file upload.cif (mmCIF, C-alpha atoms)
data_model
#
loop_
_atom_site.label_atom_id
_atom_site.label_comp_id
_atom_site.auth_asym_id
_atom_site.auth_seq_id
_atom_site.Cartn_x
_atom_site.Cartn_y
_atom_site.Cartn_z
CA MET A 22 -74.97 58.43 -31.26
CA PRO A 23 -78.45 57.35 -32.35
CA ASP A 24 -80.17 54.89 -30.11
CA GLN A 25 -79.73 51.28 -31.18
CA PRO A 26 -82.85 49.10 -31.34
CA GLU A 27 -83.07 46.85 -28.34
CA GLN A 28 -82.42 43.21 -29.21
CA PRO A 29 -84.47 40.54 -27.46
CA TYR A 30 -82.46 38.35 -25.03
CA ASP A 31 -82.15 34.84 -26.43
CA GLY A 32 -80.70 33.16 -23.35
CA GLN A 33 -77.14 32.96 -24.78
CA ALA A 34 -74.16 34.56 -23.11
CA ILE A 35 -72.31 37.28 -24.96
CA ALA A 36 -69.54 35.88 -27.13
CA PRO A 37 -66.01 36.48 -25.83
CA THR A 38 -63.96 39.15 -27.51
CA GLY A 39 -60.97 36.87 -27.98
CA GLY A 40 -58.71 39.34 -26.25
CA GLY A 41 -58.69 37.52 -22.95
CA GLY A 42 -58.75 39.29 -19.62
CA ALA A 43 -61.36 39.68 -16.94
CA TYR A 44 -64.14 40.49 -19.38
CA ASP A 45 -63.90 37.16 -21.22
CA LEU A 46 -63.56 35.32 -17.91
CA ALA A 47 -66.76 36.92 -16.68
CA MET A 48 -68.52 36.01 -19.90
CA ALA A 49 -67.42 32.38 -19.56
CA GLU A 50 -68.72 32.26 -15.99
CA ALA A 51 -72.01 33.77 -17.07
CA GLU A 52 -72.42 31.17 -19.78
CA THR A 53 -71.74 28.42 -17.27
CA LEU A 54 -74.40 29.80 -14.94
CA GLU A 55 -76.90 29.97 -17.79
CA LYS A 56 -76.38 26.30 -18.63
CA GLY A 57 -76.97 25.23 -15.06
CA PRO A 58 -75.13 22.51 -13.11
CA GLN A 59 -73.19 20.06 -15.23
CA ALA A 60 -73.03 16.32 -14.68
CA PRO A 61 -69.64 15.22 -13.38
CA PRO A 62 -67.49 13.10 -15.67
CA ASP A 63 -67.51 9.33 -15.27
CA GLY A 64 -65.64 8.10 -12.23
CA THR A 65 -65.52 11.53 -10.50
CA GLY A 66 -69.00 11.83 -9.02
CA PRO A 67 -69.69 12.08 -5.31
CA ASP A 68 -70.42 8.35 -5.12
CA ASP A 69 -67.46 7.27 -7.26
CA LYS A 70 -63.87 6.91 -6.19
CA PRO A 71 -61.27 8.79 -8.24
CA ARG A 72 -59.65 6.62 -10.86
CA SER A 73 -55.93 5.92 -10.66
CA LEU A 74 -53.31 4.42 -12.92
CA TRP A 75 -53.73 1.04 -11.25
CA SER A 76 -57.52 0.97 -11.57
CA ASP A 77 -57.31 2.01 -15.21
CA ALA A 78 -54.67 -0.65 -15.84
CA TRP A 79 -56.83 -3.34 -14.22
CA GLN A 80 -59.78 -2.34 -16.39
CA ASP A 81 -57.60 -2.66 -19.50
CA LEU A 82 -56.16 -6.01 -18.41
CA ARG A 83 -59.60 -7.49 -17.82
CA ARG A 84 -60.47 -6.81 -21.45
CA ASN A 85 -57.16 -8.00 -22.87
CA PRO A 86 -57.35 -11.58 -24.24
CA VAL A 87 -53.55 -11.91 -24.09
CA PHE A 88 -53.61 -11.24 -20.35
CA ILE A 89 -56.50 -13.67 -19.80
CA VAL A 90 -54.89 -16.54 -21.74
CA SER A 91 -51.43 -16.06 -20.24
CA GLY A 92 -52.91 -15.65 -16.76
CA LEU A 93 -54.85 -18.90 -17.02
CA ILE A 94 -51.74 -20.75 -18.19
CA ILE A 95 -49.69 -19.34 -15.32
CA VAL A 96 -52.38 -20.19 -12.75
CA PHE A 97 -52.43 -23.76 -14.05
CA LEU A 98 -48.62 -23.99 -13.90
CA VAL A 99 -48.55 -22.66 -10.35
CA LEU A 100 -51.19 -25.18 -9.28
CA ILE A 101 -49.29 -28.16 -10.65
CA ALA A 102 -46.06 -26.76 -9.21
CA VAL A 103 -47.59 -26.64 -5.73
CA TRP A 104 -49.72 -29.80 -6.04
CA PRO A 105 -48.30 -31.91 -8.90
CA ARG A 106 -50.28 -34.95 -7.79
CA LEU A 107 -53.47 -33.24 -8.91
CA ILE A 108 -52.76 -34.53 -12.42
CA ALA A 109 -49.82 -36.93 -11.90
CA ASP A 110 -50.07 -39.59 -9.20
CA GLY A 111 -46.81 -41.36 -10.02
CA ASN A 112 -43.37 -40.93 -8.50
CA PRO A 113 -40.95 -39.11 -10.86
CA LEU A 114 -38.05 -41.12 -9.38
CA ASP A 115 -39.77 -44.49 -9.85
CA CYS A 116 -38.03 -45.92 -12.93
CA ASP A 117 -37.92 -49.27 -14.75
CA LEU A 118 -34.95 -49.86 -17.05
CA ALA A 119 -36.91 -52.50 -18.95
CA LYS A 120 -39.07 -49.68 -20.36
CA ALA A 121 -36.22 -47.34 -21.26
CA GLN A 122 -36.93 -45.08 -24.27
CA GLN A 123 -40.25 -46.74 -24.97
CA GLY A 124 -43.00 -44.60 -26.50
CA SER A 125 -46.51 -43.86 -25.39
CA GLN A 126 -48.39 -46.61 -23.55
CA PRO A 127 -51.70 -46.80 -21.70
CA GLY A 128 -51.27 -44.82 -18.50
CA HIS A 129 -48.01 -43.33 -19.75
CA PRO A 130 -48.97 -40.91 -22.55
CA PHE A 131 -45.51 -39.33 -22.91
CA GLY A 132 -43.50 -42.56 -22.87
CA PHE A 133 -40.32 -43.25 -20.88
CA ASP A 134 -36.81 -41.76 -20.75
CA THR A 135 -33.41 -43.47 -20.82
CA GLN A 136 -33.77 -44.58 -17.20
CA GLY A 137 -37.27 -45.93 -17.69
CA CYS A 138 -38.90 -43.04 -15.83
CA ASP A 139 -42.33 -41.81 -16.85
CA VAL A 140 -41.83 -38.65 -18.94
CA TYR A 141 -45.32 -37.36 -18.17
CA THR A 142 -44.77 -37.59 -14.41
CA ARG A 143 -41.35 -35.96 -14.62
CA THR A 144 -42.67 -33.17 -16.84
CA VAL A 145 -45.44 -32.36 -14.37
CA HIS A 146 -43.17 -32.54 -11.31
CA GLY A 147 -40.46 -30.55 -13.11
CA ALA A 148 -42.68 -27.46 -13.03
CA ARG A 149 -42.07 -27.06 -9.29
CA ALA A 150 -38.32 -26.43 -9.49
CA SER A 151 -38.57 -24.18 -12.54
CA ILE A 152 -41.42 -22.05 -11.16
CA GLN A 153 -39.75 -21.86 -7.76
CA VAL A 154 -36.48 -20.62 -9.25
CA GLY A 155 -38.25 -18.09 -11.46
CA VAL A 156 -40.49 -16.66 -8.73
CA PHE A 157 -37.90 -16.36 -5.95
CA ALA A 158 -35.19 -15.08 -8.27
CA THR A 159 -37.56 -12.41 -9.59
CA LEU A 160 -38.60 -11.38 -6.08
CA GLY A 161 -34.99 -11.13 -4.95
CA VAL A 162 -33.91 -9.18 -8.00
CA ALA A 163 -36.91 -6.82 -7.80
CA VAL A 164 -36.47 -6.06 -4.09
CA LEU A 165 -32.68 -5.64 -4.14
CA GLY A 166 -32.59 -3.70 -7.40
CA SER A 167 -35.51 -1.45 -6.46
CA VAL A 168 -34.07 -0.55 -3.06
CA LEU A 169 -30.55 0.20 -4.33
CA GLY A 170 -31.69 1.97 -7.48
CA GLY A 171 -34.43 3.92 -5.71
CA LEU A 172 -32.07 5.22 -3.03
CA ALA A 173 -29.49 6.16 -5.65
CA GLY A 174 -32.06 8.04 -7.73
CA PHE A 175 -33.54 9.85 -4.73
CA PHE A 176 -30.36 10.96 -2.95
CA GLY A 177 -28.01 11.13 -5.94
CA GLY A 178 -24.49 12.35 -5.28
CA ALA A 179 -21.65 10.00 -4.45
CA TRP A 180 -23.96 7.05 -3.77
CA ASP A 181 -25.49 7.37 -7.22
CA GLY A 182 -22.09 7.54 -8.88
CA PHE A 183 -20.76 4.54 -6.94
CA LEU A 184 -23.81 2.40 -7.73
CA SER A 185 -23.58 3.31 -11.41
CA ARG A 186 -19.99 2.09 -11.61
CA VAL A 187 -20.88 -1.13 -9.75
CA THR A 188 -23.73 -1.86 -12.16
CA ASP A 189 -21.38 -1.29 -15.09
CA VAL A 190 -19.08 -3.98 -13.68
CA PHE A 191 -21.94 -6.48 -13.30
CA PHE A 192 -23.26 -5.72 -16.79
CA ALA A 193 -19.85 -6.67 -18.17
CA ILE A 194 -20.12 -10.23 -16.76
CA PRO A 195 -21.67 -12.73 -19.23
CA VAL A 196 -24.52 -14.44 -17.43
CA VAL A 197 -23.95 -17.97 -18.72
CA LEU A 198 -20.19 -17.74 -18.23
CA GLY A 199 -20.69 -16.38 -14.73
CA GLY A 200 -22.99 -19.29 -13.96
CA LEU A 201 -20.46 -21.81 -15.22
CA VAL A 202 -17.78 -20.30 -12.99
CA LEU A 203 -19.76 -19.65 -9.83
CA LEU A 204 -22.08 -22.67 -9.78
CA SER A 205 -19.43 -25.21 -10.78
CA VAL A 206 -17.97 -25.03 -7.26
CA VAL A 207 -21.36 -25.54 -5.55
CA SER A 208 -22.32 -29.08 -4.62
CA SER A 209 -25.80 -28.36 -3.21
CA ASN A 210 -28.77 -30.14 -4.78
CA THR A 211 -31.26 -27.42 -3.79
CA VAL A 212 -32.53 -24.50 -5.85
CA TRP A 213 -31.09 -21.79 -3.60
CA PRO A 214 -27.58 -21.54 -5.12
CA VAL A 215 -29.15 -21.01 -8.54
CA ILE A 216 -31.55 -18.41 -7.13
CA GLY A 217 -28.68 -16.63 -5.35
CA PHE A 218 -26.65 -16.53 -8.56
CA MET A 219 -29.54 -15.02 -10.52
CA VAL A 220 -30.13 -12.36 -7.87
CA LEU A 221 -26.42 -11.54 -7.81
CA LEU A 222 -26.22 -10.92 -11.54
CA GLY A 223 -29.80 -9.78 -12.17
CA TRP A 224 -30.28 -6.83 -9.82
CA PRO A 225 -28.36 -4.20 -11.91
CA GLN A 226 -31.02 -4.16 -14.63
CA ILE A 227 -33.87 -3.52 -12.19
CA SER A 228 -31.66 -1.05 -10.32
CA ARG A 229 -31.19 1.18 -13.34
CA ILE A 230 -34.87 1.09 -14.18
CA ALA A 231 -35.85 1.94 -10.59
CA ARG A 232 -33.27 4.74 -10.48
CA GLY A 233 -34.61 6.39 -13.62
CA SER A 234 -38.20 6.01 -12.48
CA VAL A 235 -37.48 7.58 -9.09
CA ILE A 236 -35.56 10.48 -10.66
CA THR A 237 -38.57 11.18 -12.87
CA ALA A 238 -41.06 10.92 -9.98
CA LYS A 239 -39.15 13.09 -7.50
CA HIS A 240 -39.33 16.12 -9.81
CA ASN A 241 -43.12 16.04 -9.99
CA ASP A 242 -45.10 18.87 -8.43
CA TYR A 243 -46.73 16.75 -5.73
CA VAL A 244 -43.31 15.66 -4.43
CA GLN A 245 -42.05 19.25 -4.41
CA ALA A 246 -45.21 20.30 -2.56
CA ALA A 247 -44.67 17.56 0.05
CA ARG A 248 -41.07 18.67 0.48
CA ALA A 249 -42.16 22.31 0.92
CA LEU A 250 -44.65 21.23 3.59
CA GLY A 251 -41.83 19.61 5.55
CA ALA A 252 -42.34 15.93 4.70
CA SER A 253 -39.41 13.72 5.64
CA ASN A 254 -37.38 11.77 3.09
CA THR A 255 -38.88 8.51 4.36
CA ARG A 256 -42.44 9.78 3.96
CA MET A 257 -41.77 11.11 0.47
CA LEU A 258 -40.18 7.83 -0.61
CA LEU A 259 -42.88 5.59 0.81
CA ARG A 260 -46.03 7.69 0.26
CA HIS A 261 -45.36 9.75 -2.85
CA ILE A 262 -42.49 8.36 -4.94
CA THR A 263 -42.61 4.58 -4.57
CA PRO A 264 -46.28 4.08 -5.64
CA ASN A 265 -45.66 6.20 -8.75
CA ALA A 266 -42.32 4.59 -9.65
CA LEU A 267 -43.29 0.92 -9.35
CA ALA A 268 -44.94 0.44 -12.75
CA PRO A 269 -41.73 0.08 -14.85
CA VAL A 270 -40.21 -2.26 -12.25
CA ILE A 271 -43.30 -4.52 -12.25
CA VAL A 272 -43.31 -4.72 -16.04
CA VAL A 273 -39.62 -5.63 -16.34
CA ALA A 274 -39.80 -8.09 -13.43
CA THR A 275 -42.77 -9.90 -14.98
CA ILE A 276 -40.97 -10.38 -18.28
CA ALA A 277 -37.73 -11.30 -16.50
CA LEU A 278 -39.46 -14.12 -14.62
CA GLY A 279 -39.78 -16.13 -17.80
CA THR A 280 -36.18 -15.31 -18.64
CA TYR A 281 -34.98 -16.69 -15.31
CA ILE A 282 -36.89 -19.92 -15.87
CA ALA A 283 -35.16 -20.29 -19.24
CA LEU A 284 -31.80 -19.44 -17.63
CA GLU A 285 -32.28 -22.15 -15.01
CA ALA A 286 -32.99 -24.68 -17.76
CA THR A 287 -29.88 -23.52 -19.63
CA LEU A 288 -27.63 -23.87 -16.59
CA SER A 289 -29.13 -27.27 -15.75
CA PHE A 290 -28.62 -28.35 -19.35
CA LEU A 291 -24.94 -27.40 -19.03
CA GLY A 292 -24.65 -29.38 -15.80
CA VAL A 293 -24.07 -26.50 -13.36
CA GLY A 294 -27.64 -25.62 -12.41
CA LEU A 295 -29.98 -27.97 -10.62
CA LYS A 296 -28.64 -31.47 -10.12
CA PRO A 297 -30.28 -34.90 -9.72
CA PRO A 298 -32.27 -36.14 -7.86
CA THR A 299 -34.00 -32.76 -8.31
CA VAL A 300 -36.58 -33.01 -11.09
CA SER A 301 -36.19 -30.18 -13.57
CA TRP A 302 -37.04 -29.52 -17.19
CA GLY A 303 -33.45 -28.51 -17.85
CA ILE A 304 -32.11 -31.79 -16.46
CA ASP A 305 -34.55 -33.82 -18.55
CA ILE A 306 -33.74 -31.83 -21.69
CA SER A 307 -30.03 -32.40 -21.12
CA ALA A 308 -30.54 -36.17 -20.70
CA ALA A 309 -32.83 -36.38 -23.74
CA SER A 310 -30.53 -34.42 -26.07
CA GLN A 311 -28.16 -37.38 -26.40
CA ASN A 312 -30.95 -39.66 -27.67
CA VAL A 313 -33.11 -37.24 -29.61
CA ARG A 314 -32.94 -39.35 -32.80
CA ASN A 315 -33.95 -42.61 -31.15
CA ALA A 316 -36.52 -41.24 -28.72
CA PRO A 317 -37.61 -37.70 -29.64
CA HIS A 318 -40.52 -37.84 -27.20
CA MET A 319 -38.04 -37.53 -24.34
CA LEU A 320 -37.08 -34.05 -25.54
CA LEU A 321 -40.42 -32.91 -26.93
CA TRP A 322 -42.48 -32.77 -23.76
CA PRO A 323 -40.14 -31.07 -21.25
CA ALA A 324 -38.95 -28.65 -23.93
CA GLY A 325 -42.55 -27.89 -24.88
CA ALA A 326 -43.51 -27.29 -21.25
CA LEU A 327 -40.54 -24.94 -20.85
CA ALA A 328 -41.41 -23.02 -24.02
CA VAL A 329 -45.07 -22.60 -23.03
CA THR A 330 -44.11 -21.39 -19.54
CA VAL A 331 -41.60 -18.82 -20.77
CA LEU A 332 -44.00 -17.62 -23.47
CA ALA A 333 -46.83 -17.23 -20.94
CA PHE A 334 -44.77 -14.99 -18.66
CA ILE A 335 -43.50 -12.90 -21.58
CA MET A 336 -47.07 -12.45 -22.86
CA LEU A 337 -48.18 -11.48 -19.35
CA GLY A 338 -45.39 -8.93 -19.11
CA ASP A 339 -46.31 -7.43 -22.48
CA ALA A 340 -49.96 -7.11 -21.42
CA VAL A 341 -48.99 -5.46 -18.12
CA ARG A 342 -46.66 -3.07 -19.96
CA ASP A 343 -49.40 -2.04 -22.37
CA ALA A 344 -51.79 -1.41 -19.47
CA LEU A 345 -49.38 0.53 -17.26
CA ASP A 346 -47.78 2.69 -19.94
CA PRO A 347 -50.10 5.67 -20.63
CA LYS A 348 -48.24 6.40 -23.89
CA LEU A 349 -49.49 3.11 -25.34
CA ARG A 350 -53.17 3.75 -24.54
#

call {"tool": "encode", "arguments": {"input": "upload.cif", "output": "structure tokens"}}
result
Amino acid sequence: MPDQPEQPYDGQAIAPTGGGGAYDLAMAEAETLEKGPQAPPDGTGPDDKPRSLWSDAWQDLRRNPVFIVSGLIIVFLVLIAVWPRLIADGNPLDCDLAKAQQGSQPGHPFGFDTQGCDVYTRTVHGARASIQVGVFATLGVAVLGSVLGGLAGFFGGAWDGFLSRVTDVFFAIPVVLGGLVLLSVVSSNTVWPVIGFMVLLGWPQISRIARGSVITAKHNDYVQAARALGASNTRMLLRHITPNALAPVIVVATIALGTYIALEATLSFLGVGLKPPTVSWGIDISAASQNVRNAPHMLLWPAGALAVTVLAFIMLGDAVRDALDPKLR
């Protein structure tokens, strides 16, 4: 063949043939060498820690106005639940029948209820019982449901089948009807019977979510690699599966917290939840419902506080779900 004229080298690597194989791989490596060292992507440099799901979620939450607004509301509610006298110096049980059902007055912006108690003071102090029930019920449900569901999803077999049938039985029990039956025989004036009832009937939902999340996580490559290297079941559960299966549980538990607060108010309204002298929004709503035409302010303020609280926790749960679910990014 006649000699081809020599082409000057322009510094570009030879284009790949498109057929694959070692030749194209060598060409790709040569092109990389010609370009020189590349800058590492953001968050993966030698001085940066690798980014995780949780760090990415926190970055998203910090820029989410829904999370900021709902978080501020919840922080305020928790503060007045722990220290109600920060904004209400009065005694919620200090009543004067001569002022029964009277409207707003200087020093008493929300008026008085049927017993002559200050509605503002009772609304502020009522946050403690409602927040306490919601927080402890959610913690109990999350822990019990996550443990039972996680073990069932990890080990499977007879334990998984037995737990599935038990959850089916609990799902068949109407929550309000179960509360009317179980709490009607309890005479305690504390919040713990109500919390115990919510944990008893609330764990199956979290259990199923935890079970599905663990089943998904245990089939990932890093879990199979840990198993091949001889990691024990305890190590795989605690180090590899649990951190990667918690996100759905946290999302559902956050939304459920507001639901439990509303459930406590419903049971107290029906007379089987919290009982006097405990101060609760549900108790005040129940007492005000009989005089809503004559004194609507008695119902407006505790019902409004309940609605804002439930809405804040639901908004927080939605924001956390959007941040933790990569499919929604």

call {"tool": "resolve_selection", "arguments": {"input": "upload.cif", "expression": "the PyMOL selection byres ((chain A and resi 208) around 12)", "output": "PyMOL selection string"}}
result
chain A and resi 203-207+209-215+292-297

call {"tool": "write_last_selection", "arguments": {"input": "upload.cif", "atoms": "C-alpha atoms", "output": "PDB file, keeping the file's coordinate frame"}}
result
ATOM      1  CA  LEU A 203     -19.760 -19.650  -9.830  1.00  0.00           C
ATOM      2  CA  LEU A 204     -22.080 -22.670  -9.780  1.00  0.00           C
ATOM      3  CA  SER A 205     -19.430 -25.210 -10.780  1.00  0.00           C
ATOM      4  CA  VAL A 206     -17.970 -25.030  -7.260  1.00  0.00           C
ATOM      5  CA  VAL A 207     -21.360 -25.540  -5.550  1.00  0.00           C
ATOM      6  CA  SER A 209     -25.800 -28.360  -3.210  1.00  0.00           C
ATOM      7  CA  ASN A 210     -28.770 -30.140  -4.780  1.00  0.00           C
ATOM      8  CA  THR A 211     -31.260 -27.420  -3.790  1.00  0.00           C
ATOM      9  CA  VAL A 212     -32.530 -24.500  -5.850  1.00  0.00           C
ATOM     10  CA  TRP A 213     -31.090 -21.790  -3.600  1.00  0.00           C
ATOM     11  CA  PRO A 214     -27.580 -21.540  -5.120  1.00  0.00           C
ATOM     12  CA  VAL A 215     -29.150 -21.010  -8.540  1.00  0.00           C
ATOM     13  CA  GLY A 292     -24.650 -29.380 -15.800  1.00  0.00           C
ATOM     14  CA  VAL A 293     -24.070 -26.500 -13.360  1.00  0.00           C
ATOM     15  CA  GLY A 294     -27.640 -25.620 -12.410  1.00  0.00           C
ATOM     16  CA  LEU A 295     -29.980 -27.970 -10.620  1.00  0.00           C
ATOM     17  CA  LYS A 296     -28.640 -31.470 -10.120  1.00  0.00           C
ATOM     18  CA  PRO A 297     -30.280 -34.900  -9.720  1.00  0.00           C
TER      19      PRO A 297
END

call {"tool": "residues_around", "arguments": {"input": "upload.cif", "residues": "Gly182 in chain A", "least_positions_apart": "5", "cutoff": "12 Å", "atoms": "only C-alpha atoms", "output": "VMD selection string"}}
result
chain A and resid 170 172 to 174 176 to 177 187 to 189 229 232

call {"tool": "closest_residue", "arguments": {"input": "upload.cif", "among": "A:Val197, A:Val87, A:Ile95, A:Cys138", "to": "Leu284 in chain A", "atoms": "all atoms listed in the file"}}
result
A:Val197

call {"tool": "residues_around", "arguments": {"input": "upload.cif", "residues": "range 253-260 of chain A", "least_positions_apart": "5", "cutoff": "12 Å", "atoms": "only C-alpha atoms", "output": "PyMOL selection string"}}
result
chain A and resi 167-168+171-176+235-236+238-241+243-248+265-267

call {"tool": "write_last_selection", "arguments": {"input": "upload.cif", "atoms": "C-alpha atoms", "output": "PDB file, in the frame of the given file"}}
result
ATOM      1  CA  SER A 167     -35.510  -1.450  -6.460  1.00  0.00           C
ATOM      2  CA  VAL A 168     -34.070  -0.550  -3.060  1.00  0.00           C
ATOM      3  CA  GLY A 171     -34.430   3.920  -5.710  1.00  0.00           C
ATOM      4  CA  LEU A 172     -32.070   5.220  -3.030  1.00  0.00           C
ATOM      5  CA  ALA A 173     -29.490   6.160  -5.650  1.00  0.00           C
ATOM      6  CA  GLY A 174     -32.060   8.040  -7.730  1.00  0.00           C
ATOM      7  CA  PHE A 175     -33.540   9.850  -4.730  1.00  0.00           C
ATOM      8  CA  PHE A 176     -30.360  10.960  -2.950  1.00  0.00           C
ATOM      9  CA  VAL A 235     -37.480   7.580  -9.090  1.00  0.00           C
ATOM     10  CA  ILE A 236     -35.560  10.480 -10.660  1.00  0.00           C
ATOM     11  CA  ALA A 238     -41.060  10.920  -9.980  1.00  0.00           C
ATOM     12  CA  LYS A 239     -39.150  13.090  -7.500  1.00  0.00           C
ATOM     13  CA  HIS A 240     -39.330  16.120  -9.810  1.00  0.00           C
ATOM     14  CA  ASN A 241     -43.120  16.040  -9.990  1.00  0.00           C
ATOM     15  CA  TYR A 243     -46.730  16.750  -5.730  1.00  0.00           C
ATOM     16  CA  VAL A 244     -43.310  15.660  -4.430  1.00  0.00           C
ATOM     17  CA  GLN A 245     -42.050  19.250  -4.410  1.00  0.00           C
ATOM     18  CA  ALA A 246     -45.210  20.300  -2.560  1.00  0.00           C
ATOM     19  CA  ALA A 247     -44.670  17.560   0.050  1.00  0.00           C
ATOM     20  CA  ARG A 248     -41.070  18.670   0.480  1.00  0.00           C
ATOM     21  CA  ASN A 265     -45.660   6.200  -8.750  1.00  0.00           C
ATOM     22  CA  ALA A 266     -42.320   4.590  -9.650  1.00  0.00           C
ATOM     23  CA  LEU A 267     -43.290   0.920  -9.350  1.00  0.00           C
TER      24      LEU A 267
END

call {"tool": "resolve_selection", "arguments": {"input": "upload.cif", "expression": "the PyMOL selection byres ((chain A and resi 287) around 12)", "output": "count of residues only"}}
result
31

call {"tool": "closest_atom_pairs", "arguments": {"input": "upload.cif", "of": "range 217-336 of chain A", "to": "range 113-124 of chain A", "cutoff": "10 Å", "atoms": "all atoms listed in the file", "output": "CSV"}}
result
residue,atom,partner,partner_atom,distance
A:Pro297,CA,A:Leu114,CA,10.0
A:Pro298,CA,A:Leu114,CA,7.8
A:Thr299,CA,A:Leu114,CA,9.4
A:Val300,CA,A:Pro113,CA,7.5
A:Ala309,CA,A:Gln122,CA,9.6
A:Asn312,CA,A:Gln122,CA,8.8
A:Asn315,CA,A:Gln122,CA,7.9
A:Ala316,CA,A:Gln122,CA,5.9
A:Pro317,CA,A:Gln122,CA,9.2
A:His318,CA,A:Gly124,CA,7.2
A:Met319,CA,A:Gln122,CA,7.6

call {"tool": "closest_residue", "arguments": {"input": "upload.cif", "among": "A:Phe97, A:Trp79, A:Phe88, A:Trp322", "to": "Gly338 in chain A", "atoms": "only C-alpha atoms"}}
result
A:Phe88

call {"tool": "closest_residue", "arguments": {"input": "upload.cif", "among": "A:Ile101, A:Ser91, A:Ser234, A:Ala274", "to": "Gln153 in chain A", "atoms": "all atoms listed in the file"}}
result
A:Ile101

call {"tool": "closest_residue", "arguments": {"input": "upload.cif", "among": "A:Gly217, A:Gly92, A:Pro269, A:Pro264", "to": "Gly155 in chain A", "atoms": "only C-alpha atoms"}}
result
A:Gly217

call {"tool": "resolve_selection", "arguments": {"input": "upload.cif", "expression": "the PyMOL selection byres ((chain A and resi 275) around 9)", "output": "MDAnalysis selection string"}}
result
chainID A and resid 159 270:274 276:279 334:335 337:339 341

call {"tool": "atom_distance", "arguments": {"input": "upload.cif", "atom1": "CA of Trp75 in chain A", "atom2": "CA of Leu345 in chain A"}}
result
7.4 Å

call {"tool": "closest_residue", "arguments": {"input": "upload.cif", "among": "A:Met219, A:Ile94, A:Ala148, A:Leu250", "to": "Ala109 in chain A", "atoms": "all atoms listed in the file"}}
result
A:Ala148

call {"tool": "atom_distance", "arguments": {"input": "upload.cif", "atom1": "CA of Gly161 in chain A", "atom2": "CA of Leu221 in chain A"}}
result
9.0 Å

call {"tool": "axis_aligned_box", "arguments": {"input": "upload.cif", "around": "range 232-251 of chain A", "padding_each_side": "6 Å", "output": "JSON"}}
result
{"center_x": -40.0, "center_y": 13.5, "center_z": -4.0, "size_x": 25.5, "size_y": 29.6, "size_z": 31.2}
